[in-house]
Amino acid sequence: MWPVEPGGFTTADLDAAPDEGARYELVDGVLLVTYMSSRIHQLALGELMLGMAAACPDHARG
């Protein structure tokens, strides 16, 4: 993460962020950087969701 600018980050700082596969958000002058989940993480999440849906009673599903 970059050092915090006096007064916080601006939209210009956000626009200048490198395009390296990360997700950048500007929240109240704070630059938040998150990286995408790996493929194995996404596959595991999908399996977990399927398992939970199968175990959930029909009346409880949205």
# chains A, B, ... in the order shown; residues from 1 in each chain; ligands from 1
>>> residues_around(residues="region 18-22 of chain A", least_positions_apart="2", cutoff="9 Å", atoms="only C-alpha atoms", output="PyMOL selection string")
chain A and resi 14-16+24+33-36
>>> write_last_selection(atoms="C-alpha atoms", output="JSON list (two decimals), in the first residue's frame")
[["chain", "number", "residue", "atom", "x", "y", "z"],
["A", 14, "LEU", "CA", -6.90, 6.22, -7.64],
["A", 15, "ASP", "CA", -6.62, 6.86, -11.39],
["A", 16, "ALA", "CA", -2.81, 6.66, -11.11],
["A", 24, "TYR", "CA", -8.67, -0.37, -5.81],
["A", 33, "VAL", "CA", -6.27, -2.56, -2.29],
["A", 34, "THR", "CA", -7.59, -6.12, -2.57],
["A", 35, "TYR", "CA", -6.37, -8.87, -4.86],
["A", 36, "MET", "CA", -8.52, -11.34, -6.74]]
>>> residues_around(residues="Leu31 (chain A)", least_positions_apart="4", cutoff="8 Å", atoms="only C-alpha atoms", output="list in words")
Met1, Phe9, Leu14, Tyr24, Glu25, Leu26 and Val27 of chain A
>>> write_last_selection(atoms="C-alpha atoms", output="short mmCIF file (atom, residue, chain, number, x, y, z; two decimals), in the first residue's frame")
data_model
loop_
_atom_site.label_atom_id
_atom_site.label_comp_id
_atom_site.auth_asym_id
_atom_site.auth_seq_id
_atom_site.Cartn_x
_atom_site.Cartn_y
_atom_site.Cartn_z
CA MET A 1 0.00 0.00 0.00
CA PHE A 9 -5.98 9.97 -1.18
CA LEU A 14 -6.90 6.22 -7.64
CA TYR A 24 -8.67 -0.37 -5.81
CA GLU A 25 -11.29 1.48 -3.77
CA LEU A 26 -11.22 4.96 -2.32
CA VAL A 27 -13.15 5.19 0.96
#
>>> residues_around(residues="Gly7 (chain A)", least_positions_apart="5", cutoff="12 Å", atoms="only C-alpha atoms", output="ChimeraX atom specification")
/A:28-30
>>> write_last_selection(atoms="N, CA and C atoms", output="compact mmCIF listing (two decimals), in the first residue's frame")
# COMPACT_ATOMS: atom_id res chain seq x y z
N ASP A 28 -13.37 7.36 1.98
CA ASP A 28 -13.07 8.44 2.93
C ASP A 28 -11.58 8.80 2.93
N GLY A 29 -10.98 8.88 1.75
CA GLY A 29 -9.58 9.26 1.63
C GLY A 29 -8.59 8.14 1.87
N VAL A 30 -9.08 6.94 2.13
CA VAL A 30 -8.21 5.78 2.36
C VAL A 30 -8.25 4.91 1.11
>>> select_by_dssp(residues="chain A", states="strand (DSSP E)", output="ChimeraX atom specification")
/A:22-27,30-35
>>> write_last_selection(atoms="N, CA and C atoms", output="short mmCIF file (atom, residue, chain, number, x, y, z; two decimals), in the first residue's frame")
data_model
loop_
_atom_site.label_atom_id
_atom_site.label_comp_id
_atom_site.auth_asym_id
_atom_site.auth_seq_id
_atom_site.Cartn_x
_atom_site.Cartn_y
_atom_site.Cartn_z
N ALA A 22 -5.31 -5.91 -9.34
CA ALA A 22 -5.86 -5.63 -8.02
C ALA A 22 -7.11 -4.77 -8.15
N ARG A 23 -7.91 -4.78 -7.12
CA ARG A 23 -9.09 -3.92 -7.07
C ARG A 23 -8.78 -2.78 -6.12
N TYR A 24 -8.95 -1.56 -6.60
CA TYR A 24 -8.67 -0.37 -5.81
C TYR A 24 -9.98 0.33 -5.47
N GLU A 25 -10.12 0.73 -4.21
CA GLU A 25 -11.29 1.48 -3.77
C GLU A 25 -10.81 2.67 -2.96
N LEU A 26 -11.52 3.76 -3.08
CA LEU A 26 -11.22 4.96 -2.32
C LEU A 26 -12.38 5.18 -1.36
N VAL A 27 -12.11 5.06 -0.06
CA VAL A 27 -13.15 5.19 0.96
C VAL A 27 -12.70 6.23 1.98
N VAL A 30 -9.08 6.94 2.13
CA VAL A 30 -8.21 5.78 2.36
C VAL A 30 -8.25 4.91 1.11
N LEU A 31 -7.06 4.55 0.61
CA LEU A 31 -6.96 3.69 -0.57
C LEU A 31 -6.92 2.24 -0.12
N LEU A 32 -7.94 1.47 -0.50
CA LEU A 32 -8.01 0.06 -0.16
C LEU A 32 -7.63 -0.76 -1.39
N VAL A 33 -6.74 -1.72 -1.20
CA VAL A 33 -6.27 -2.56 -2.29
C VAL A 33 -6.56 -4.01 -1.92
N THR A 34 -7.33 -4.70 -2.77
CA THR A 34 -7.59 -6.12 -2.57
C THR A 34 -7.24 -6.85 -3.86
N TYR A 35 -6.76 -8.07 -3.71
CA TYR A 35 -6.37 -8.87 -4.86
C TYR A 35 -7.42 -9.93 -5.12
#
>>> select_by_dssp(residues="region 2-33 of chain A", states="alpha helix (DSSP H)", output="PyMOL selection string")
chain A and resi 11-15
>>> write_last_selection(atoms="N, CA and C atoms", output="short mmCIF file (atom, residue, chain, number, x, y, z; two decimals), in the first residue's frame")
data_model
loop_
_atom_site.label_atom_id
_atom_site.label_comp_id
_atom_site.auth_asym_id
_atom_site.auth_seq_id
_atom_site.Cartn_x
_atom_site.Cartn_y
_atom_site.Cartn_z
N THR A 11 -9.21 11.03 -6.02
CA THR A 11 -9.55 10.25 -7.21
C THR A 11 -8.40 10.25 -8.21
N ALA A 12 -7.59 11.31 -8.21
CA ALA A 12 -6.41 11.33 -9.09
C ALA A 12 -5.42 10.24 -8.69
N ASP A 13 -5.25 10.03 -7.38
CA ASP A 13 -4.38 8.94 -6.91
C ASP A 13 -4.95 7.59 -7.32
N LEU A 14 -6.25 7.46 -7.25
CA LEU A 14 -6.90 6.22 -7.64
C LEU A 14 -6.69 5.96 -9.13
N ASP A 15 -6.83 6.99 -9.94
CA ASP A 15 -6.62 6.86 -11.39
C ASP A 15 -5.17 6.50 -11.72
#
>>> atom_distance(atom1="CA of Ala53 (chain A)", atom2="CA of Arg39 (chain A)")
21.2 Å
>>> decode(residues="chain A", atoms="C-alpha atoms", output="compact mmCIF listing (two decimals), in the first residue's frame")
# COMPACT_ATOMS: atom_id res chain seq x y z
CA MET A 1 0.00 0.00 0.00
CA TRP A 2 1.16 3.50 -0.74
CA PRO A 3 1.93 5.96 2.05
CA VAL A 4 -1.10 7.99 3.10
CA GLU A 5 -1.22 11.41 1.49
CA PRO A 6 -1.81 14.42 3.76
CA GLY A 7 -5.59 14.82 3.80
CA GLY A 8 -6.06 11.34 2.33
CA PHE A 9 -5.98 9.97 -1.18
CA THR A 10 -7.89 11.55 -4.06
CA THR A 11 -9.55 10.25 -7.21
CA ALA A 12 -6.41 11.33 -9.09
CA ASP A 13 -4.38 8.94 -6.91
CA LEU A 14 -6.90 6.22 -7.64
CA ASP A 15 -6.62 6.86 -11.39
CA ALA A 16 -2.81 6.66 -11.11
CA ALA A 17 -2.87 3.24 -9.40
CA PRO A 18 -1.12 0.52 -11.42
CA ASP A 19 -3.30 -1.95 -13.33
CA GLU A 20 -1.89 -5.15 -11.87
CA GLY A 21 -5.00 -7.22 -11.34
CA ALA A 22 -5.86 -5.63 -8.02
CA ARG A 23 -9.09 -3.92 -7.07
CA TYR A 24 -8.67 -0.37 -5.81
CA GLU A 25 -11.29 1.48 -3.77
CA LEU A 26 -11.22 4.96 -2.32
CA VAL A 27 -13.15 5.19 0.96
CA ASP A 28 -13.07 8.44 2.93
CA GLY A 29 -9.58 9.26 1.63
CA VAL A 30 -8.21 5.78 2.36
CA LEU A 31 -6.96 3.69 -0.57
CA LEU A 32 -8.01 0.06 -0.16
CA VAL A 33 -6.27 -2.56 -2.29
CA THR A 34 -7.59 -6.12 -2.57
CA TYR A 35 -6.37 -8.87 -4.86
CA MET A 36 -8.52 -11.34 -6.74
CA SER A 37 -9.06 -14.77 -5.24
CA SER A 38 -7.22 -17.69 -6.75
CA ARG A 39 -9.01 -20.15 -9.01
CA ILE A 40 -8.78 -22.90 -6.37
CA HIS A 41 -10.41 -20.55 -3.85
CA GLN A 42 -13.30 -19.87 -6.22
CA LEU A 43 -13.75 -23.59 -6.92
CA ALA A 44 -13.76 -24.40 -3.20
CA LEU A 45 -16.31 -21.64 -2.58
CA GLY A 46 -18.57 -23.05 -5.30
CA GLU A 47 -18.40 -26.54 -3.79
CA LEU A 48 -19.17 -25.14 -0.35
CA MET A 49 -22.20 -23.26 -1.68
CA LEU A 50 -23.52 -26.37 -3.43
CA GLY A 51 -23.09 -28.44 -0.27
CA MET A 52 -24.83 -25.87 1.88
CA ALA A 53 -27.70 -25.51 -0.60
CA ALA A 54 -28.20 -29.29 -0.64
CA ALA A 55 -28.31 -29.40 3.17
CA CYS A 56 -30.68 -26.44 3.50
CA PRO A 57 -34.39 -27.24 3.87
CA ASP A 58 -36.56 -26.05 0.98
CA HIS A 59 -38.55 -23.65 3.16
CA ALA A 60 -35.35 -21.85 4.24
CA ARG A 61 -34.06 -21.14 0.73
CA GLY A 62 -34.37 -17.61 -0.67
